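Q: Here it is, the structure in full.
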Amino acid sequence: MIEYGDGALWLDNGLLRLGLVPALGGRLLSLSTPDSGELLWRNEELLTDDLVLRREHRPHGGTLGDWVNYGGDKTWPAPQGWEREDQWAGPPDPVLDSGAYTAEVHNGADTDVVTLTSGDDPRTGLRLSRRFELARGRCGYRLTLTGTNTSARTVRWALWNVTQLAADGAGGTDVAGPPEVTELLAGTGFPRWRPTAGGVHVPHQDVVGKLGFPAATGRWSHTGNGSTLTQSFAVDPAAAYPDSGSRVEVWMEHPLPAPLAGLGDLDPPARIVECEVLGPLTTLAPGERMTLTIDCEVTAGEGEG
């Protein structure tokens, strides 16, 4: 069933409920089950539980310190950076991150589908789309990402999906694959981690920093508040990936006494963990496209602390 709210679209099959806001960069801003409550982190100062804006939104660019972080799940191009033309200078940017997406809705007999599509971004040359499929009887959904080169030049980017979750209390993230970890970015330090039987565990902790996982085999799981969100996706061992070959990245942040000048005055609003899936770097001629499919499942479980 698809429901319409005040600026929001709701997908609901009785087991799982998704709240989408096309006007806010095509974000998924609510993910819940009847028993779990909310799984995603959402900025309650900016949005109500019904995903109604508490203040006016305007698309914008700038540095990380200018970013209005609504939370939830969103898609960007990688690699990120502000130094070169082959880096995406966001968030924020006025099209792919904070711009309005259009919505196409399909009510099916067994599956409901919402496709959110960005405008054409002149800097990257990309148009992004996010297709959400929610089937009957499944406590999970499929997210298919597409990046299309709408420019007149050849471009090279990777799809980059970012899911923000609350990092208060016990819990953490498990990344499947050999324990190969790359230290990518330290605002206050690098997150600590430990190897497990099936991969790597990154517990909740007060740090601002990012790890990359170049040997990830196509699955991460985050557990907190008694529920686990798992995302599964295909990897290409022969392909090049952004950020020193990272197929998955985990970013953590927590409130600080002052903004981080070394990170564009980033001012973290809460204890947040970002679990990020990256596709391979893909060269696109004008009109060509790349895709990345992510299967998402919600289960009950406490996980590791």
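Chain lettering (A, B, ...) mirrors the order of the structure tokens, residue numbering begins at 1 for each chain separately, and ligand numbering begins at 1 in order of display.
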With only C-alpha atoms as the counted atoms, please give the residues lying no more than 10 Å from range 130-133 of chain A, apart from itself and same-chain residues fewer than 2 positions off, as a PyMOL selection string.
A: chain A and resi 11+18+20+26-28+74-75+101+103-106+108+111-118+128+135+140-147+161+291-295
Q: Keeping N, CA and C atoms, export the residues of the selection given above as a short mmCIF file (atom, residue, chain, number, x, y, z; two decimals), in the first residue's frame.
A:
data_model
loop_
_atom_site.label_atom_id
_atom_site.label_comp_id
_atom_site.auth_asym_id
_atom_site.auth_seq_id
_atom_site.Cartn_x
_atom_site.Cartn_y
_atom_site.Cartn_z
N LEU A 11 5.37 3.72 2.00
CA LEU A 11 5.20 2.35 1.52
C LEU A 11 4.99 1.46 2.75
N LEU A 18 8.04 2.33 5.08
CA LEU A 18 9.07 3.23 4.59
C LEU A 18 8.47 4.61 4.36
N LEU A 20 9.29 8.21 2.56
CA LEU A 20 10.14 8.86 1.57
C LEU A 20 9.74 10.32 1.42
N GLY A 26 15.40 13.13 -2.35
CA GLY A 26 14.94 11.76 -2.56
C GLY A 26 15.24 10.83 -1.40
N ARG A 27 15.24 11.34 -0.19
CA ARG A 27 15.65 10.56 0.96
C ARG A 27 14.58 9.59 1.45
N LEU A 28 15.04 8.43 1.93
CA LEU A 28 14.25 7.56 2.80
C LEU A 28 14.50 8.04 4.21
N LYS A 74 20.29 8.11 1.69
CA LYS A 74 20.37 8.92 0.48
C LYS A 74 21.46 8.39 -0.44
N THR A 75 21.47 8.85 -1.69
CA THR A 75 22.46 8.40 -2.68
C THR A 75 23.23 9.60 -3.22
N TYR A 101 13.53 15.76 -5.84
CA TYR A 101 13.42 14.63 -6.77
C TYR A 101 11.95 14.48 -7.18
N ALA A 103 8.74 11.97 -8.23
CA ALA A 103 8.30 10.66 -7.77
C ALA A 103 7.39 10.01 -8.80
N GLU A 104 7.66 8.74 -9.08
CA GLU A 104 6.80 7.92 -9.92
C GLU A 104 6.33 6.74 -9.08
N VAL A 105 5.02 6.51 -9.03
CA VAL A 105 4.43 5.53 -8.12
C VAL A 105 3.72 4.44 -8.92
N HIS A 106 3.92 3.18 -8.49
CA HIS A 106 3.23 2.07 -9.12
C HIS A 106 2.70 1.13 -8.04
N GLY A 108 1.33 -2.36 -7.41
CA GLY A 108 1.25 -3.66 -8.06
C GLY A 108 0.43 -4.65 -7.25
N THR A 111 3.72 -6.18 -5.45
CA THR A 111 4.81 -5.30 -5.10
C THR A 111 4.44 -3.86 -5.42
N ASP A 112 4.69 -2.97 -4.46
CA ASP A 112 4.53 -1.54 -4.69
C ASP A 112 5.89 -0.92 -4.96
N VAL A 113 5.92 0.04 -5.88
CA VAL A 113 7.19 0.62 -6.32
C VAL A 113 7.10 2.14 -6.31
N VAL A 114 8.12 2.78 -5.76
CA VAL A 114 8.27 4.23 -5.86
C VAL A 114 9.66 4.51 -6.42
N THR A 115 9.73 5.29 -7.49
CA THR A 115 11.01 5.69 -8.08
C THR A 115 11.17 7.19 -7.92
N LEU A 116 12.26 7.59 -7.28
CA LEU A 116 12.57 9.00 -7.05
C LEU A 116 13.75 9.39 -7.95
N THR A 117 13.61 10.49 -8.69
CA THR A 117 14.61 10.86 -9.69
C THR A 117 15.03 12.31 -9.50
N SER A 118 16.34 12.53 -9.49
CA SER A 118 16.89 13.87 -9.30
C SER A 118 16.79 14.69 -10.57
N LEU A 128 20.42 11.05 -10.88
CA LEU A 128 20.31 9.87 -10.03
C LEU A 128 18.85 9.46 -9.88
N ALA A 135 7.59 -5.69 -1.41
CA ALA A 135 6.72 -6.80 -1.76
C ALA A 135 5.87 -7.22 -0.57
N GLY A 140 11.46 -6.52 4.27
CA GLY A 140 12.62 -5.99 3.59
C GLY A 140 12.19 -5.33 2.29
N TYR A 141 13.10 -4.65 1.65
CA TYR A 141 12.80 -3.96 0.39
C TYR A 141 14.03 -4.00 -0.50
N ARG A 142 13.82 -3.79 -1.78
CA ARG A 142 14.92 -3.70 -2.74
C ARG A 142 15.08 -2.25 -3.17
N LEU A 143 16.32 -1.78 -3.15
CA LEU A 143 16.66 -0.44 -3.59
C LEU A 143 17.58 -0.55 -4.79
N THR A 144 17.12 -0.03 -5.93
CA THR A 144 17.93 -0.03 -7.15
C THR A 144 18.33 1.40 -7.48
N LEU A 145 19.62 1.63 -7.54
CA LEU A 145 20.17 2.95 -7.83
C LEU A 145 20.62 3.00 -9.28
N THR A 146 20.36 4.14 -9.92
CA THR A 146 20.81 4.35 -11.29
C THR A 146 21.43 5.74 -11.41
N GLY A 147 22.58 5.80 -12.04
CA GLY A 147 23.19 7.07 -12.38
C GLY A 147 23.32 7.18 -13.88
N ASN A 161 25.72 4.87 -1.66
CA ASN A 161 24.50 4.94 -0.87
C ASN A 161 24.86 5.04 0.61
N THR A 291 24.23 1.04 -12.59
CA THR A 291 23.22 0.65 -11.61
C THR A 291 23.88 -0.08 -10.45
N LEU A 292 23.20 -0.05 -9.32
CA LEU A 292 23.61 -0.77 -8.12
C LEU A 292 22.34 -1.18 -7.39
N THR A 293 22.20 -2.47 -7.10
CA THR A 293 21.02 -2.99 -6.41
C THR A 293 21.40 -3.42 -5.00
N ILE A 294 20.60 -2.98 -4.03
CA ILE A 294 20.83 -3.28 -2.61
C ILE A 294 19.56 -3.90 -2.04
N ASP A 295 19.67 -5.10 -1.49
CA ASP A 295 18.56 -5.76 -0.82
C ASP A 295 18.67 -5.51 0.68
#
Q: Please provide as a ChimeraX atom specification all residues within 9 Å of range 270-286 of chain A, with the sequence filter that same-chain residues fewer than 4 positions apart are discarded (counting only C-alpha atoms).
A: /A:41,43,78-79,125,148-168,172-173,204-206,218-222,231,233-236,239-242,245-255,290-292,294
Q: Do you know which residues are at most 12 Å from Pro91 in chain A counting only C-alpha atoms, after dropping those on the same chain fewer than 5 positions away, and could you put them as JSON, numbers by chain?
A: {"A": [25, 59, 60, 61, 62, 63, 64, 65, 66, 67, 68, 69, 70, 74, 75, 76, 77, 78, 79, 80, 81, 82, 96, 97, 98, 99, 162, 263, 264, 266]}
Q: Export, as a PDB file, in the first residue's frame, the selected residues with N, CA and C atoms.
A:
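The file below, part.pdb, is the result:
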ATOM      1  N   GLY A  25      16.065  15.682  -1.433  1.00  0.00           N
ATOM      2  CA  GLY A  25      17.090  14.857  -2.045  1.00  0.00           C
ATOM      3  C   GLY A  25      16.693  13.411  -2.222  1.00  0.00           C
ATOM      4  N   PRO A  59      17.226  24.272  -1.518  1.00  0.00           N
ATOM      5  CA  PRO A  59      18.416  23.605  -2.043  1.00  0.00           C
ATOM      6  C   PRO A  59      19.629  24.529  -1.981  1.00  0.00           C
ATOM      7  N   HIS A  60      20.793  23.961  -1.654  1.00  0.00           N
ATOM      8  CA  HIS A  60      21.981  24.793  -1.481  1.00  0.00           C
ATOM      9  C   HIS A  60      23.236  23.944  -1.628  1.00  0.00           C
ATOM     10  N   GLY A  61      24.367  24.619  -1.829  1.00  0.00           N
ATOM     11  CA  GLY A  61      25.681  24.004  -1.834  1.00  0.00           C
ATOM     12  C   GLY A  61      26.507  24.567  -0.693  1.00  0.00           C
ATOM     13  N   GLY A  62      27.819  24.313  -0.749  1.00  0.00           N
ATOM     14  CA  GLY A  62      28.695  24.852   0.283  1.00  0.00           C
ATOM     15  C   GLY A  62      29.619  23.805   0.863  1.00  0.00           C
ATOM     16  N   THR A  63      30.138  24.112   2.062  1.00  0.00           N
ATOM     17  CA  THR A  63      31.042  23.206   2.763  1.00  0.00           C
ATOM     18  C   THR A  63      30.235  22.284   3.670  1.00  0.00           C
ATOM     19  N   LEU A  64      30.940  21.320   4.293  1.00  0.00           N
ATOM     20  CA  LEU A  64      30.265  20.408   5.214  1.00  0.00           C
ATOM     21  C   LEU A  64      29.582  21.149   6.358  1.00  0.00           C
ATOM     22  N   GLY A  65      30.159  22.281   6.759  1.00  0.00           N
ATOM     23  CA  GLY A  65      29.545  23.055   7.829  1.00  0.00           C
ATOM     24  C   GLY A  65      28.225  23.682   7.423  1.00  0.00           C
ATOM     25  N   ASP A  66      27.955  23.781   6.111  1.00  0.00           N
ATOM     26  CA  ASP A  66      26.695  24.336   5.623  1.00  0.00           C
ATOM     27  C   ASP A  66      25.618  23.265   5.438  1.00  0.00           C
ATOM     28  N   TRP A  67      26.001  22.007   5.576  1.00  0.00           N
ATOM     29  CA  TRP A  67      25.079  20.909   5.293  1.00  0.00           C
ATOM     30  C   TRP A  67      23.950  20.853   6.306  1.00  0.00           C
ATOM     31  N   VAL A  68      22.717  20.770   5.790  1.00  0.00           N
ATOM     32  CA  VAL A  68      21.548  20.549   6.640  1.00  0.00           C
ATOM     33  C   VAL A  68      21.294  19.044   6.630  1.00  0.00           C
ATOM     34  N   ASN A  69      21.664  18.382   7.719  1.00  0.00           N
ATOM     35  CA  ASN A  69      21.624  16.924   7.782  1.00  0.00           C
ATOM     36  C   ASN A  69      20.259  16.467   8.294  1.00  0.00           C
ATOM     37  N   TYR A  70      19.393  16.060   7.371  1.00  0.00           N
ATOM     38  CA  TYR A  70      18.073  15.564   7.755  1.00  0.00           C
ATOM     39  C   TYR A  70      18.134  14.132   8.261  1.00  0.00           C
ATOM     40  N   LYS A  74      20.287   8.108   1.692  1.00  0.00           N
ATOM     41  CA  LYS A  74      20.368   8.919   0.476  1.00  0.00           C
ATOM     42  C   LYS A  74      21.461   8.389  -0.437  1.00  0.00           C
ATOM     43  N   THR A  75      21.475   8.851  -1.691  1.00  0.00           N
ATOM     44  CA  THR A  75      22.458   8.401  -2.677  1.00  0.00           C
ATOM     45  C   THR A  75      23.231   9.600  -3.222  1.00  0.00           C
ATOM     46  N   TRP A  76      24.554   9.431  -3.280  1.00  0.00           N
ATOM     47  CA  TRP A  76      25.445  10.460  -3.811  1.00  0.00           C
ATOM     48  C   TRP A  76      26.407   9.830  -4.823  1.00  0.00           C
ATOM     49  N   PRO A  77      27.148  10.658  -5.574  1.00  0.00           N
ATOM     50  CA  PRO A  77      28.247  10.143  -6.391  1.00  0.00           C
ATOM     51  C   PRO A  77      29.560  10.167  -5.613  1.00  0.00           C
ATOM     52  N   ALA A  78      30.425   9.217  -5.894  1.00  0.00           N
ATOM     53  CA  ALA A  78      31.766   9.180  -5.308  1.00  0.00           C
ATOM     54  C   ALA A  78      32.784   9.134  -6.461  1.00  0.00           C
ATOM     55  N   PRO A  79      34.009   9.633  -6.203  1.00  0.00           N
ATOM     56  CA  PRO A  79      34.564  10.049  -4.922  1.00  0.00           C
ATOM     57  C   PRO A  79      34.150  11.467  -4.516  1.00  0.00           C
ATOM     58  N   GLN A  80      34.239  11.699  -3.218  1.00  0.00           N
ATOM     59  CA  GLN A  80      33.914  12.995  -2.636  1.00  0.00           C
ATOM     60  C   GLN A  80      35.170  13.846  -2.548  1.00  0.00           C
ATOM     61  N   GLY A  81      35.006  15.157  -2.712  1.00  0.00           N
ATOM     62  CA  GLY A  81      36.145  16.049  -2.544  1.00  0.00           C
ATOM     63  C   GLY A  81      35.836  17.431  -3.087  1.00  0.00           C
ATOM     64  N   TRP A  82      36.659  18.371  -2.703  1.00  0.00           N
ATOM     65  CA  TRP A  82      36.447  19.767  -3.087  1.00  0.00           C
ATOM     66  C   TRP A  82      37.635  20.332  -3.866  1.00  0.00           C
ATOM     67  N   LEU A  96      21.774  17.012  -6.257  1.00  0.00           N
ATOM     68  CA  LEU A  96      21.716  15.599  -5.895  1.00  0.00           C
ATOM     69  C   LEU A  96      21.462  15.386  -4.412  1.00  0.00           C
ATOM     70  N   ASP A  97      21.983  16.259  -3.555  1.00  0.00           N
ATOM     71  CA  ASP A  97      21.791  16.101  -2.108  1.00  0.00           C
ATOM     72  C   ASP A  97      20.581  16.856  -1.588  1.00  0.00           C
ATOM     73  N   SER A  98      20.471  18.148  -1.905  1.00  0.00           N
ATOM     74  CA  SER A  98      19.401  18.950  -1.304  1.00  0.00           C
ATOM     75  C   SER A  98      18.331  19.375  -2.297  1.00  0.00           C
ATOM     76  N   GLY A  99      18.460  18.961  -3.556  1.00  0.00           N
ATOM     77  CA  GLY A  99      17.452  19.302  -4.546  1.00  0.00           C
ATOM     78  C   GLY A  99      16.229  18.409  -4.461  1.00  0.00           C
ATOM     79  N   VAL A 162      24.268   6.014   1.283  1.00  0.00           N
ATOM     80  CA  VAL A 162      24.613   6.348   2.668  1.00  0.00           C
ATOM     81  C   VAL A 162      23.385   6.185   3.551  1.00  0.00           C
ATOM     82  N   LEU A 263      37.416  19.857   8.888  1.00  0.00           N
ATOM     83  CA  LEU A 263      36.414  19.194   8.048  1.00  0.00           C
ATOM     84  C   LEU A 263      35.345  20.188   7.601  1.00  0.00           C
ATOM     85  N   GLY A 264      35.773  21.368   7.207  1.00  0.00           N
ATOM     86  CA  GLY A 264      34.842  22.372   6.689  1.00  0.00           C
ATOM     87  C   GLY A 264      33.845  22.852   7.709  1.00  0.00           C
ATOM     88  N   LEU A 266      32.396  21.079  10.022  1.00  0.00           N
ATOM     89  CA  LEU A 266      31.369  20.079  10.324  1.00  0.00           C
ATOM     90  C   LEU A 266      31.023  20.129  11.800  1.00  0.00           C
TER      91      LEU A 266
END
Q: What's the separation between CA of Leu9 in chain A and CA of Leu24 in chain A, in Å to one decimal place?
A: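 Straight-line distance from CA of Leu9 in chain A to CA of Leu24 in chain A works out to 12.0 Å.
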Q: Within 10 Å of range 177-187 of chain A, counting only C-alpha atoms, which residues show up once you throw out same-chain ones fewer than 3 positions away? Write them as a PyMOL selection string, please.
A: chain A and resi 174+190-191+193-201+207-220+243-246+249-253+260-263+266
Q: Could you tell me which of A:Gly14, A:Gly7, A:Gly226, A:Pro259 comes closest to Gly171 in chain A if we count only C-alpha atoms?
A: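 Looking at the shortest contact to Gly171 in chain A, the residue is A:Gly226.
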